[in-house]
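One structure is given here, and the rest of the page talks about it.
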Amino acid sequence: MMKQLLTLTLAPVFVGLASPALAATGPFFSLHNTNFIVLLAFIVFIGVLIYFKVPGMVTGMLDKRAEGIKSDLDEARALRDEAQTILASYERKQKEVAEQAEHIIEHAKRESAEAAEVAKEDLKTSIARRIAAAQEQIKSAETAAVKEVRNTAISVAVGAAQDLIAKNMTATDGNKLIEDAIKDVETKLH
């Protein structure tokens with residue numbers, strides 16, 4: 001570790017000793033010394049820059065650049081604030097839409113349950129009507145069957161009575177029955 005520390009502190013010293021300013025030979029303030037010529041050219045160059053107010057122009061350009069960057073940052077900050085406001089607005093709208101969707105779903109469920117109840121009641125009413133109609137048809141069919149059996153029984157009895165009367169009755173008995181019937185009708189009509 002000591003060796004690394006020694007190397008780090010001596011490295012700049014060796015770099016300074018190897019610089020071109022120390023490599024030149026002869027007197028420093030001579031026009032034959034290249035280092036002096038380079039120094040004079042650098043001083044003249046700096047003087048020309050100062051004479052033409054280049055540092056002021058560079059400073060002005062840097063100030064303009066700084067102002068441009070500042071305005072860009074302000075604009076970016078404003079845009080970010082606007083974007084956050086819009087995002088909050090959309091999130092609020094999304095929440096409202098989600099709540100409306102929940103209300104619509106709940107309403108639809110209630111309506112479907114009510115419609116199912118109404119359909120059940122309608123079905124019960126329809127079944128009751130059909131059962132009543134079927135019972136009415138059964139009663140009507142029973143009545144018709146009883147009537148038909150009665151009519152058939154009457155026809156058979158009348159036919160049997162005719163046969164029996166025809167076999168047992170003589171002409172005088174038939175005339176007597178007719179006269180009795182006519183008298184009976186006369187008494188009932190008058």
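Starting from 1 in every chain, residues are counted up; chains themselves are A, B, ... following the order of the structure tokens, and ligands are numbered from 1 as listed.
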
message = Which residues are close to Leu40 of chain A, i.e. within 12 Å by only C-alpha atoms, leaving aside same-chain residues fewer than 4 positions away? Reply as a list in words.
response =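 Residues near the query, excluding close chain neighbours: Phe28, Phe29, Ser30, Leu31, Asn33, Thr34, Asn35, Phe36, Val44, Phe45, Ile46 and Gly47 of chain A.
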
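In this structure, atom CA of Thr172 of chain A sits 24.6 Å away from atom CA of Lys188 of chain A.
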
inquiry  = Quick check, in Å to one decimal: how far apart do atom CA of Ala153 of chain A and atom CA of Leu177 of chain A lie?
reply    = 24.5 Å
